[in-house]
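Engineer: Could you have a look at this structure, given as structure tokens, before my questions?
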Number of protein chains: 2
Amino acid sequence: MLKAYTSSLNLKSGHVDLSHGGGGRAMAQLIDDLFIKHFDNALLRQHNDQALFNVPAGRMVISTDGHVISPLFFPGGDIGSLAVHGTVNDVAMSGAKPLYLAAGFILEEGLPLADLERIVISMAAAAKACGTLIVTGDTKVVERGKGDGVFITTTGVGLVPDAVRISGDRAQAGHAILVSGTMGDHGVAIMAGRENLQFQTSIVSDSAALNGLVSDMVTAAPADIHCLRDPTRGGLATALNELAKQSGVGMLIDETCIPMKAEVKAACEILGLDPLYVANEGKLVCICSAHIAEQLLQVMRAHPLGRDAAIIGEVIDDPHGFVQMTTDFGGRRIVDWPVGEQLPRIC
Amino acid sequence: MLKAYTSSLNLKSGHVDLSHGGGGRAMAQLIDDLFIKHFDNALLRQHNDQALFNVPAGRMVISTDGHVISPLFFPGGDIGSLAVHGTVNDVAMSGAKPLYLAAGFILEEGLPLADLERIVISMAAAAKACGTLIVTGDTKVVERGKGDGVFITTTGVGLVPDAVRISGDRAQAGHAILVSGTMGDHGVAIMAGRENLQFQTSIVSDSAALNGLVSDMVTAAPADIHCLRDPTRGGLATALNELAKQSGVGMLIDETCIPMKAEVKAACEILGLDPLYVANEGKLVCICSAHIAEQLLQVMRAHPLGRDAAIIGEVIDDPHGFVQMTTDFGGRRIVDWPVGEQLPRIC
């Protein structure tokens, strides 16, 4: 293939300008010298406006997620790795094996190319680590003050194994509720990373791709895992309320069983946050048949991303679809939907 | 399914606020009462973070496109219809039949809900008109001044018919170059729609889904269409340069053969634009075997979106990959890549 440009991209001190979104030489160079260079794979090198791949007959899922996190770089990750993990996890929450990703970048004029390169390298590493390929993409540039550095919308496709039947509307009374690890790490790490907060913690984001853990789980219990969801925006409370609403059931969880780091608990107290509503980016909620719960828990704990997994409660009959929690003090309270927004731009 | 809210969305005088991106009640309501209501289909009603569908064994394509057009509403369309057409066209340019779309919204705090509703209704109508379904999505909200009303990233998947082999690297000397209609309409319509320009024209955007036209073309000549590309950002000049670069060939086009509305030509003269570099959103460039060119032209002209189709030149041997044009006056000039950005935020 011929090249459309001769001088090299100034990755050290250059900035994104409007020409990088114009479809001309500057955009061709940005795509070649940054995106294709790091995401490198045969499908992307087709250089077409779409990527072509072979699929076997079966059930496929598609999921998309926009990433607008602020700040772009945070303890434990950055918008690049998050954009891969977020979409890989949404695909994996159907039980599917994620295959390919598409990435759409909306860049703000003035973004340092060095920052963009760091993000792209991080995305490439994250995609490689979880066995997916970024096979197509798009770049748009908006004027200074019309965006915020970079937004990344990633879309993923994956294939669902034959025996697997996972959906948010399949929870039934008697099923067990499990989580894969400690709750609230991501949200607290982001809050601590925000410049306007005088707050320091050693907590880092849990941002991680869960497809390996999910694969182990569906292999162990293909027909007995009924719901999977990653408790991102709105945290565990929101994920449970979503599932309760979809399935038309209630849930009863036990506060003492919810894994949580002491530091996260302390940070939430200082910040006035309820940790049940704080976002996670490397954890999942699983609803499974009760008889398989203990065995599944051991499978989860055997995986590095499920070390702190726990059974936290059970699905109950409830025409109102309430999520209730037995508290530390022994009483019960309703864990309601969040109403406002406690942590904007968390993902 | 149970509902998470009781009062209805204020679509008349309400605005997007940060809670609409928070994962709680407000977001659930926005999704139910706006997105699912208008995009309505069984896959979306699964209410999961991904959509599941069956695929036959075969070749699939995926394509993604971010849409940041300004203004949001313009003569001949809006960001909603454009976001459907843009991605459907990118999928169709492989010869594929587009099946499903995913839509990621990045909303700016303060966007009138009435504007968002108008955009969503327009997207729904565009998707229906071209036989695709919007099956999954995502909504993020950024603070006022960190976005620009609404950005929409759409991703599409489609299936490629068996005999079809279309890719930008398949152009060879001797092939014919066709376009499906008049060039430059979209870009001129957008420029005229921008408030800061004292410029009026009756030109409207050509924004349209080309999958029906492509289907007729690949049915008529499945093995003899080698390249398809929609000349969007950077216009015809950029699309031809991209194909020349990918295939390692030259191109020779004839200015007198390029269909162009007199009004577009006049507007470009006034605005100081070269119409070959002005964006289209409902046109395609086709490179096909020479012996099939006349027959394919008739197939294209028989479709409403190909009425003004024309053969504009041929692929030639050229180690430099230059696109050359015989001008109105009889001389030849090189139609180079665009260097800067003449029309930012055009799509």
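All residue names refer to the structure tokens as shown: chains lettered A, B, ... in order, residues numbered from 1 in each chain, ligands numbered from 1 in order.
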Would you pick out the contacts of range 85-93 of chain A at 6 Å or less, using only C-alpha atoms, so that residues sharing its chain but fewer than 6 positions from it are not included, and give the list as a CSV table (one decimal) with C-alpha atoms, in the first residue's frame?
Structural biologist:
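That gives us result.csv:
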chain,number,residue,atom,x,y,z
A,63,SER,CA,-23.0,-4.3,22.9
A,65,ASP,CA,-20.6,1.6,25.5
A,208,ALA,CA,-10.5,-5.5,34.3
A,209,ALA,CA,-11.8,-7.7,31.6
A,210,LEU,CA,-14.1,-10.4,33.1
A,211,ASN,CA,-14.4,-12.7,30.0
A,228,LEU,CA,-24.9,-11.9,34.9
A,229,ARG,CA,-24.4,-8.2,35.2
B,49,ASP,CA,-26.6,-4.6,28.3
Engineer: How would you write, as a PDB file with C-alpha atoms, in the first residue's frame, the set of residues in range 230-338 of chain A that DSSP gives as strand (DSSP E or B)?
Structural biologist:
ATOM      1  CA  GLY A 250     -37.482  -9.273  44.845  1.00  0.00           C
ATOM      2  CA  MET A 251     -34.027  -9.743  46.316  1.00  0.00           C
ATOM      3  CA  LEU A 252     -32.757 -10.087  49.844  1.00  0.00           C
ATOM      4  CA  ILE A 253     -29.075  -9.497  50.449  1.00  0.00           C
ATOM      5  CA  ASP A 254     -27.000  -9.539  53.608  1.00  0.00           C
ATOM      6  CA  VAL A 285     -23.142 -10.024  39.883  1.00  0.00           C
ATOM      7  CA  CYS A 286     -24.291 -13.573  39.202  1.00  0.00           C
ATOM      8  CA  ILE A 287     -27.672 -15.148  39.832  1.00  0.00           C
ATOM      9  CA  CYS A 288     -27.595 -18.939  39.726  1.00  0.00           C
ATOM     10  CA  ALA A 310     -19.101 -14.250  47.885  1.00  0.00           C
ATOM     11  CA  ILE A 311     -22.693 -15.390  48.074  1.00  0.00           C
ATOM     12  CA  ILE A 312     -24.534 -12.267  49.209  1.00  0.00           C
ATOM     13  CA  GLY A 313     -28.193 -13.230  49.198  1.00  0.00           C
ATOM     14  CA  GLU A 314     -31.097 -14.787  47.393  1.00  0.00           C
ATOM     15  CA  VAL A 315     -33.909 -13.993  45.009  1.00  0.00           C
ATOM     16  CA  ILE A 316     -37.329 -13.843  46.655  1.00  0.00           C
ATOM     17  CA  VAL A 323     -34.218  -5.145  46.799  1.00  0.00           C
ATOM     18  CA  GLN A 324     -33.937  -5.510  50.575  1.00  0.00           C
ATOM     19  CA  MET A 325     -30.863  -5.785  52.728  1.00  0.00           C
ATOM     20  CA  THR A 326     -30.324  -7.201  56.184  1.00  0.00           C
ATOM     21  CA  ARG A 332     -33.838  -4.699  57.058  1.00  0.00           C
ATOM     22  CA  ARG A 333     -33.798  -1.739  54.694  1.00  0.00           C
ATOM     23  CA  ILE A 334     -34.831  -1.231  51.103  1.00  0.00           C
TER      24      ILE A 334
END
Engineer: Show which residues sit within 7 Å of Val278 in chain A, as a PDB file with N, CA, C and O atoms, in the first residue's frame. Count only C-alpha atoms, and ignore same-chain residues fewer than 6 positions away.
Structural biologist:
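Result went into result05.pdb, see below:
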ATOM      1  N   GLY A 184     -17.033  -1.231  44.959  1.00  0.00           N
ATOM      2  CA  GLY A 184     -16.799   0.212  45.115  1.00  0.00           C
ATOM      3  C   GLY A 184     -15.412   0.723  44.798  1.00  0.00           C
ATOM      4  O   GLY A 184     -15.166   1.933  44.826  1.00  0.00           O
ATOM      5  N   GLY A 187     -15.096   3.517  41.729  1.00  0.00           N
ATOM      6  CA  GLY A 187     -15.633   4.849  42.006  1.00  0.00           C
ATOM      7  C   GLY A 187     -14.766   5.627  42.980  1.00  0.00           C
ATOM      8  O   GLY A 187     -14.505   6.814  42.778  1.00  0.00           O
ATOM      9  N   GLY A 234     -23.820   3.370  39.106  1.00  0.00           N
ATOM     10  CA  GLY A 234     -24.926   3.097  40.036  1.00  0.00           C
ATOM     11  C   GLY A 234     -24.632   1.921  40.955  1.00  0.00           C
ATOM     12  O   GLY A 234     -25.406   1.634  41.868  1.00  0.00           O
ATOM     13  N   GLY A 235     -23.530   1.208  40.689  1.00  0.00           N
ATOM     14  CA  GLY A 235     -23.047   0.189  41.610  1.00  0.00           C
ATOM     15  C   GLY A 235     -23.941  -1.033  41.764  1.00  0.00           C
ATOM     16  O   GLY A 235     -24.850  -1.289  40.961  1.00  0.00           O
TER      17      GLY A 235
END
Engineer: Could you list the residues in chain B lying within 6 Å of chain A, using only C-alpha atoms, and format the result as an MDAnalysis selection string?
Structural biologist: chainID B and resid 1:2 19 22:25 49:66 90 104 137:138 146:148 233:234 245:246 248 337:341
Engineer: Once you have the residues from the selection above, write them out as a compact mmCIF listing (two decimals), in the first residue's frame, restricted to N, CA and C atoms.
Structural biologist:
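The file below, selection35.txt, is the result:
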# COMPACT_ATOMS: atom_id res chain seq x y z
N MET B 1 -42.56 -6.69 33.10
CA MET B 1 -41.45 -6.01 33.76
C MET B 1 -41.97 -4.86 34.62
N LEU B 2 -41.36 -4.66 35.77
CA LEU B 2 -41.76 -3.57 36.66
C LEU B 2 -41.11 -2.27 36.20
N SER B 19 -28.16 13.32 35.88
CA SER B 19 -28.79 12.09 36.38
C SER B 19 -29.23 11.18 35.24
N GLY B 22 -26.71 8.59 34.95
CA GLY B 22 -26.21 8.07 36.21
C GLY B 22 -26.52 6.62 36.49
N GLY B 23 -27.33 6.00 35.65
CA GLY B 23 -27.64 4.60 35.88
C GLY B 23 -28.85 4.38 36.77
N GLY B 24 -29.47 5.46 37.24
CA GLY B 24 -30.58 5.30 38.17
C GLY B 24 -31.94 5.45 37.51
N ARG B 25 -32.89 5.94 38.30
CA ARG B 25 -34.27 6.07 37.83
C ARG B 25 -34.36 6.93 36.58
N ASP B 49 -27.65 -5.52 28.72
CA ASP B 49 -26.60 -4.60 28.28
C ASP B 49 -26.01 -5.01 26.94
N GLN B 50 -26.60 -6.03 26.36
CA GLN B 50 -26.17 -6.48 25.02
C GLN B 50 -27.40 -7.07 24.33
N ALA B 51 -27.39 -7.14 23.01
CA ALA B 51 -28.51 -7.73 22.28
C ALA B 51 -28.04 -9.04 21.68
N LEU B 52 -28.91 -10.04 21.75
CA LEU B 52 -28.56 -11.37 21.27
C LEU B 52 -29.38 -11.71 20.02
N PHE B 53 -28.71 -12.21 18.99
CA PHE B 53 -29.41 -12.57 17.76
C PHE B 53 -28.76 -13.80 17.14
N ASN B 54 -29.51 -14.45 16.25
CA ASN B 54 -28.98 -15.64 15.58
C ASN B 54 -28.28 -15.26 14.29
N VAL B 55 -27.18 -15.90 14.00
CA VAL B 55 -26.50 -15.69 12.71
C VAL B 55 -26.29 -17.03 12.01
N PRO B 56 -26.41 -17.01 10.69
CA PRO B 56 -26.03 -18.19 9.92
C PRO B 56 -24.50 -18.17 9.74
N ALA B 57 -23.92 -19.28 9.40
CA ALA B 57 -22.48 -19.29 9.10
C ALA B 57 -22.23 -18.42 7.88
N GLY B 58 -21.16 -17.66 7.90
CA GLY B 58 -20.88 -16.82 6.74
C GLY B 58 -19.89 -15.73 7.05
N ARG B 59 -19.88 -14.71 6.20
CA ARG B 59 -18.96 -13.59 6.39
C ARG B 59 -19.75 -12.39 6.90
N MET B 60 -19.26 -11.85 7.98
CA MET B 60 -19.94 -10.72 8.62
C MET B 60 -19.02 -9.51 8.58
N VAL B 61 -19.62 -8.32 8.53
CA VAL B 61 -18.82 -7.10 8.67
C VAL B 61 -19.31 -6.31 9.88
N ILE B 62 -18.38 -5.53 10.45
CA ILE B 62 -18.73 -4.59 11.51
C ILE B 62 -18.13 -3.24 11.14
N SER B 63 -18.86 -2.17 11.39
CA SER B 63 -18.36 -0.83 11.11
C SER B 63 -18.90 0.13 12.14
N THR B 64 -18.10 1.14 12.50
CA THR B 64 -18.53 2.12 13.50
C THR B 64 -18.26 3.53 12.99
N ASP B 65 -19.10 4.47 13.39
CA ASP B 65 -18.94 5.85 12.95
C ASP B 65 -19.47 6.78 14.04
N GLY B 66 -18.63 7.74 14.44
CA GLY B 66 -19.09 8.77 15.36
C GLY B 66 -19.68 9.92 14.59
N ASP B 90 -21.59 2.49 5.59
CA ASP B 90 -20.26 1.89 5.77
C ASP B 90 -20.35 0.36 5.75
N GLY B 104 -24.60 4.63 20.56
CA GLY B 104 -24.07 5.20 21.79
C GLY B 104 -24.24 6.71 21.78
N GLY B 137 -27.88 -0.04 23.01
CA GLY B 137 -27.38 1.33 23.06
C GLY B 137 -26.76 1.67 24.39
N ASP B 138 -26.37 2.93 24.50
CA ASP B 138 -25.73 3.41 25.73
C ASP B 138 -25.94 4.91 25.79
N LYS B 146 -18.76 20.59 28.07
CA LYS B 146 -17.82 19.48 27.83
C LYS B 146 -18.26 18.63 26.65
N GLY B 147 -19.32 19.03 25.98
CA GLY B 147 -19.80 18.35 24.79
C GLY B 147 -20.45 19.38 23.90
N ASP B 148 -21.29 18.96 22.98
CA ASP B 148 -21.96 19.93 22.11
C ASP B 148 -23.34 19.40 21.72
N ARG B 233 -16.60 12.55 4.41
CA ARG B 233 -15.57 13.56 4.72
C ARG B 233 -14.49 13.59 3.66
N GLY B 234 -14.16 14.76 3.13
CA GLY B 234 -13.09 14.85 2.14
C GLY B 234 -13.60 14.59 0.73
N LYS B 245 -4.57 4.51 -3.09
CA LYS B 245 -3.52 4.18 -2.12
C LYS B 245 -3.63 2.70 -1.71
N GLN B 246 -4.85 2.27 -1.39
CA GLN B 246 -5.03 0.88 -0.95
C GLN B 246 -4.67 -0.12 -2.03
N GLY B 248 -2.81 0.53 -4.77
CA GLY B 248 -1.54 0.79 -5.45
C GLY B 248 -1.71 1.03 -6.94
N TRP B 337 -4.76 14.49 -2.19
CA TRP B 337 -5.39 14.38 -0.88
C TRP B 337 -5.63 15.78 -0.34
N PRO B 338 -6.71 15.97 0.42
CA PRO B 338 -6.82 17.25 1.12
C PRO B 338 -5.76 17.30 2.22
N VAL B 339 -5.25 18.50 2.48
CA VAL B 339 -4.21 18.62 3.50
C VAL B 339 -4.82 19.11 4.81
N GLY B 340 -5.52 20.23 4.77
CA GLY B 340 -6.12 20.76 6.01
C GLY B 340 -7.54 20.26 6.17
N GLU B 341 -8.41 21.11 6.64
CA GLU B 341 -9.80 20.74 6.91
C GLU B 341 -10.64 21.91 6.44
Engineer: If we count only C-alpha atoms and set the cut-off at 10 Å, which residues sit around range 328-330 of chain A, ignoring sequence neighbours fewer than 6 positions away in its own chain? Please answer as a list in words.
Structural biologist: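 Residues near the query, excluding close chain neighbours: Asp254, Glu255, Thr256 and Cys257 of chain A.
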Engineer: For the residues in that selection, give me N, CA, C and O atoms as a PDB file, in the first residue's frame.
Structural biologist:
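Once written, part-v1.pdb looks like this:
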ATOM      1  N   ASP A 254     -27.489  -9.659  52.234  1.00  0.00           N
ATOM      2  CA  ASP A 254     -27.000  -9.539  53.608  1.00  0.00           C
ATOM      3  C   ASP A 254     -25.762  -8.639  53.603  1.00  0.00           C
ATOM      4  O   ASP A 254     -24.740  -8.982  53.008  1.00  0.00           O
ATOM      5  N   GLU A 255     -25.871  -7.478  54.254  1.00  0.00           N
ATOM      6  CA  GLU A 255     -24.788  -6.494  54.226  1.00  0.00           C
ATOM      7  C   GLU A 255     -23.461  -7.092  54.673  1.00  0.00           C
ATOM      8  O   GLU A 255     -22.406  -6.786  54.111  1.00  0.00           O
ATOM      9  N   THR A 256     -23.518  -7.975  55.680  1.00  0.00           N
ATOM     10  CA  THR A 256     -22.272  -8.515  56.230  1.00  0.00           C
ATOM     11  C   THR A 256     -21.555  -9.433  55.235  1.00  0.00           C
ATOM     12  O   THR A 256     -20.376  -9.726  55.397  1.00  0.00           O
ATOM     13  N   CYS A 257     -22.285  -9.884  54.201  1.00  0.00           N
ATOM     14  CA  CYS A 257     -21.672 -10.792  53.228  1.00  0.00           C
ATOM     15  C   CYS A 257     -21.052 -10.067  52.031  1.00  0.00           C
ATOM     16  O   CYS A 257     -20.359 -10.690  51.218  1.00  0.00           O
TER      17      CYS A 257
END
Engineer: Could you please write out, as a count of residues only, every residue of range 213-327 of chain B that DSSP assigns to alpha helix (DSSP H)?
Structural biologist: 40
Engineer: Find the residues around Ala293 in chain B up to 9 Å (only C-alpha atoms counted), leave out those fewer than 4 positions away in its own chain, and share them as a PyMOL selection string.
Structural biologist: chain B and resi 175-178+287-289+297-298+311
Engineer: Emit the selected residues as a compact mmCIF listing (two decimals), in the first residue's frame, including all heavy atoms.
Structural biologist:
# COMPACT_ATOMS: atom_id res chain seq x y z
N HIS B 175 -10.20 -1.12 -14.85
CA HIS B 175 -11.53 -1.06 -14.22
C HIS B 175 -12.18 0.31 -14.45
O HIS B 175 -11.49 1.31 -14.59
CB HIS B 175 -11.42 -1.30 -12.70
CG HIS B 175 -11.11 -2.72 -12.33
ND1 HIS B 175 -10.69 -3.08 -11.07
CD2 HIS B 175 -11.16 -3.87 -13.05
CE1 HIS B 175 -10.50 -4.40 -11.02
NE2 HIS B 175 -10.78 -4.90 -12.22
N ALA B 176 -13.51 0.30 -14.45
CA ALA B 176 -14.26 1.55 -14.61
C ALA B 176 -14.61 2.15 -13.25
O ALA B 176 -14.75 1.42 -12.26
CB ALA B 176 -15.54 1.27 -15.38
N ILE B 177 -14.69 3.48 -13.21
CA ILE B 177 -15.05 4.20 -11.98
C ILE B 177 -16.41 4.87 -12.17
O ILE B 177 -16.60 5.65 -13.10
CB ILE B 177 -13.99 5.28 -11.65
CG1 ILE B 177 -12.58 4.67 -11.61
CG2 ILE B 177 -14.32 5.98 -10.33
CD1 ILE B 177 -11.45 5.71 -11.50
N LEU B 178 -17.33 4.55 -11.28
CA LEU B 178 -18.68 5.13 -11.36
C LEU B 178 -19.01 5.87 -10.08
O LEU B 178 -18.48 5.53 -9.01
CB LEU B 178 -19.73 4.02 -11.56
CG LEU B 178 -19.76 3.25 -12.88
CD1 LEU B 178 -18.71 2.14 -12.88
CD2 LEU B 178 -21.14 2.63 -13.13
N ILE B 287 -16.03 0.81 -8.21
CA ILE B 287 -15.04 0.40 -9.20
C ILE B 287 -15.38 -1.02 -9.63
O ILE B 287 -15.49 -1.92 -8.79
CB ILE B 287 -13.61 0.51 -8.62
CG1 ILE B 287 -13.31 2.00 -8.39
CG2 ILE B 287 -12.59 -0.14 -9.54
CD1 ILE B 287 -11.95 2.28 -7.80
N CYS B 288 -15.60 -1.17 -10.95
CA CYS B 288 -16.06 -2.46 -11.46
C CYS B 288 -15.30 -2.85 -12.72
O CYS B 288 -14.62 -2.01 -13.34
CB CYS B 288 -17.57 -2.43 -11.74
SG CYS B 288 -18.02 -1.40 -13.14
N SER B 289 -15.42 -4.10 -13.11
CA SER B 289 -14.83 -4.55 -14.37
C SER B 289 -15.41 -3.71 -15.51
O SER B 289 -16.62 -3.40 -15.51
CB SER B 289 -15.16 -6.02 -14.62
OG SER B 289 -14.72 -6.80 -13.53
N LEU B 297 -24.37 0.59 -14.73
CA LEU B 297 -24.87 1.97 -14.75
C LEU B 297 -26.39 1.99 -14.90
O LEU B 297 -27.08 2.76 -14.22
CB LEU B 297 -24.22 2.73 -15.91
CG LEU B 297 -24.57 4.22 -16.02
CD1 LEU B 297 -24.00 4.99 -14.84
CD2 LEU B 297 -24.02 4.80 -17.33
N GLN B 298 -26.90 1.13 -15.76
CA GLN B 298 -28.36 1.09 -15.96
C GLN B 298 -29.07 0.57 -14.70
O GLN B 298 -30.14 1.07 -14.34
CB GLN B 298 -28.72 0.21 -17.18
CG GLN B 298 -28.16 0.74 -18.51
CD GLN B 298 -28.34 2.25 -18.70
OE1 GLN B 298 -29.39 2.80 -18.41
NE2 GLN B 298 -27.28 2.92 -19.17
N ILE B 311 -20.52 7.10 -15.28
CA ILE B 311 -19.16 6.57 -15.37
C ILE B 311 -18.25 7.79 -15.46
O ILE B 311 -18.42 8.64 -16.34
CB ILE B 311 -19.00 5.68 -16.61
CG1 ILE B 311 -19.97 4.48 -16.52
CG2 ILE B 311 -17.55 5.21 -16.74
CD1 ILE B 311 -20.05 3.63 -17.80
Engineer: Excluding range 111-115 of chain A and any residue of its chain fewer than 4 positions from it, enumerate the residues within 6 Å of it, using only C-alpha atoms, and give them as a VMD selection string.
Structural biologist: chain A and resid 11 to 12 14 to 16 149
Engineer: So how many Å separate CA of Thr132 in chain B and CA of Arg170 in chain A, to one decimal?
Structural biologist: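 According to the coordinates, CA of Thr132 in chain B and CA of Arg170 in chain A are separated by 27.4 Å.
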Engineer: Provide the CA of Ile119 in chain B to CA of Ile79 in chain B distance in Å, to one decimal place.
Structural biologist: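 Between CA of Ile119 in chain B and CA of Ile79 in chain B the gap is 6.7 Å.
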Engineer: Quick one: residues within 7 Å of Met217 in chain B, only C-alpha atoms, excluding same-chain residues fewer than 3 positions away - as a list in words?
Structural biologist: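 So, after excluding close chain neighbours, the residues are Leu213, Val214, Ala220, Ala221, Leu296, Val299 and Met300 of chain B.
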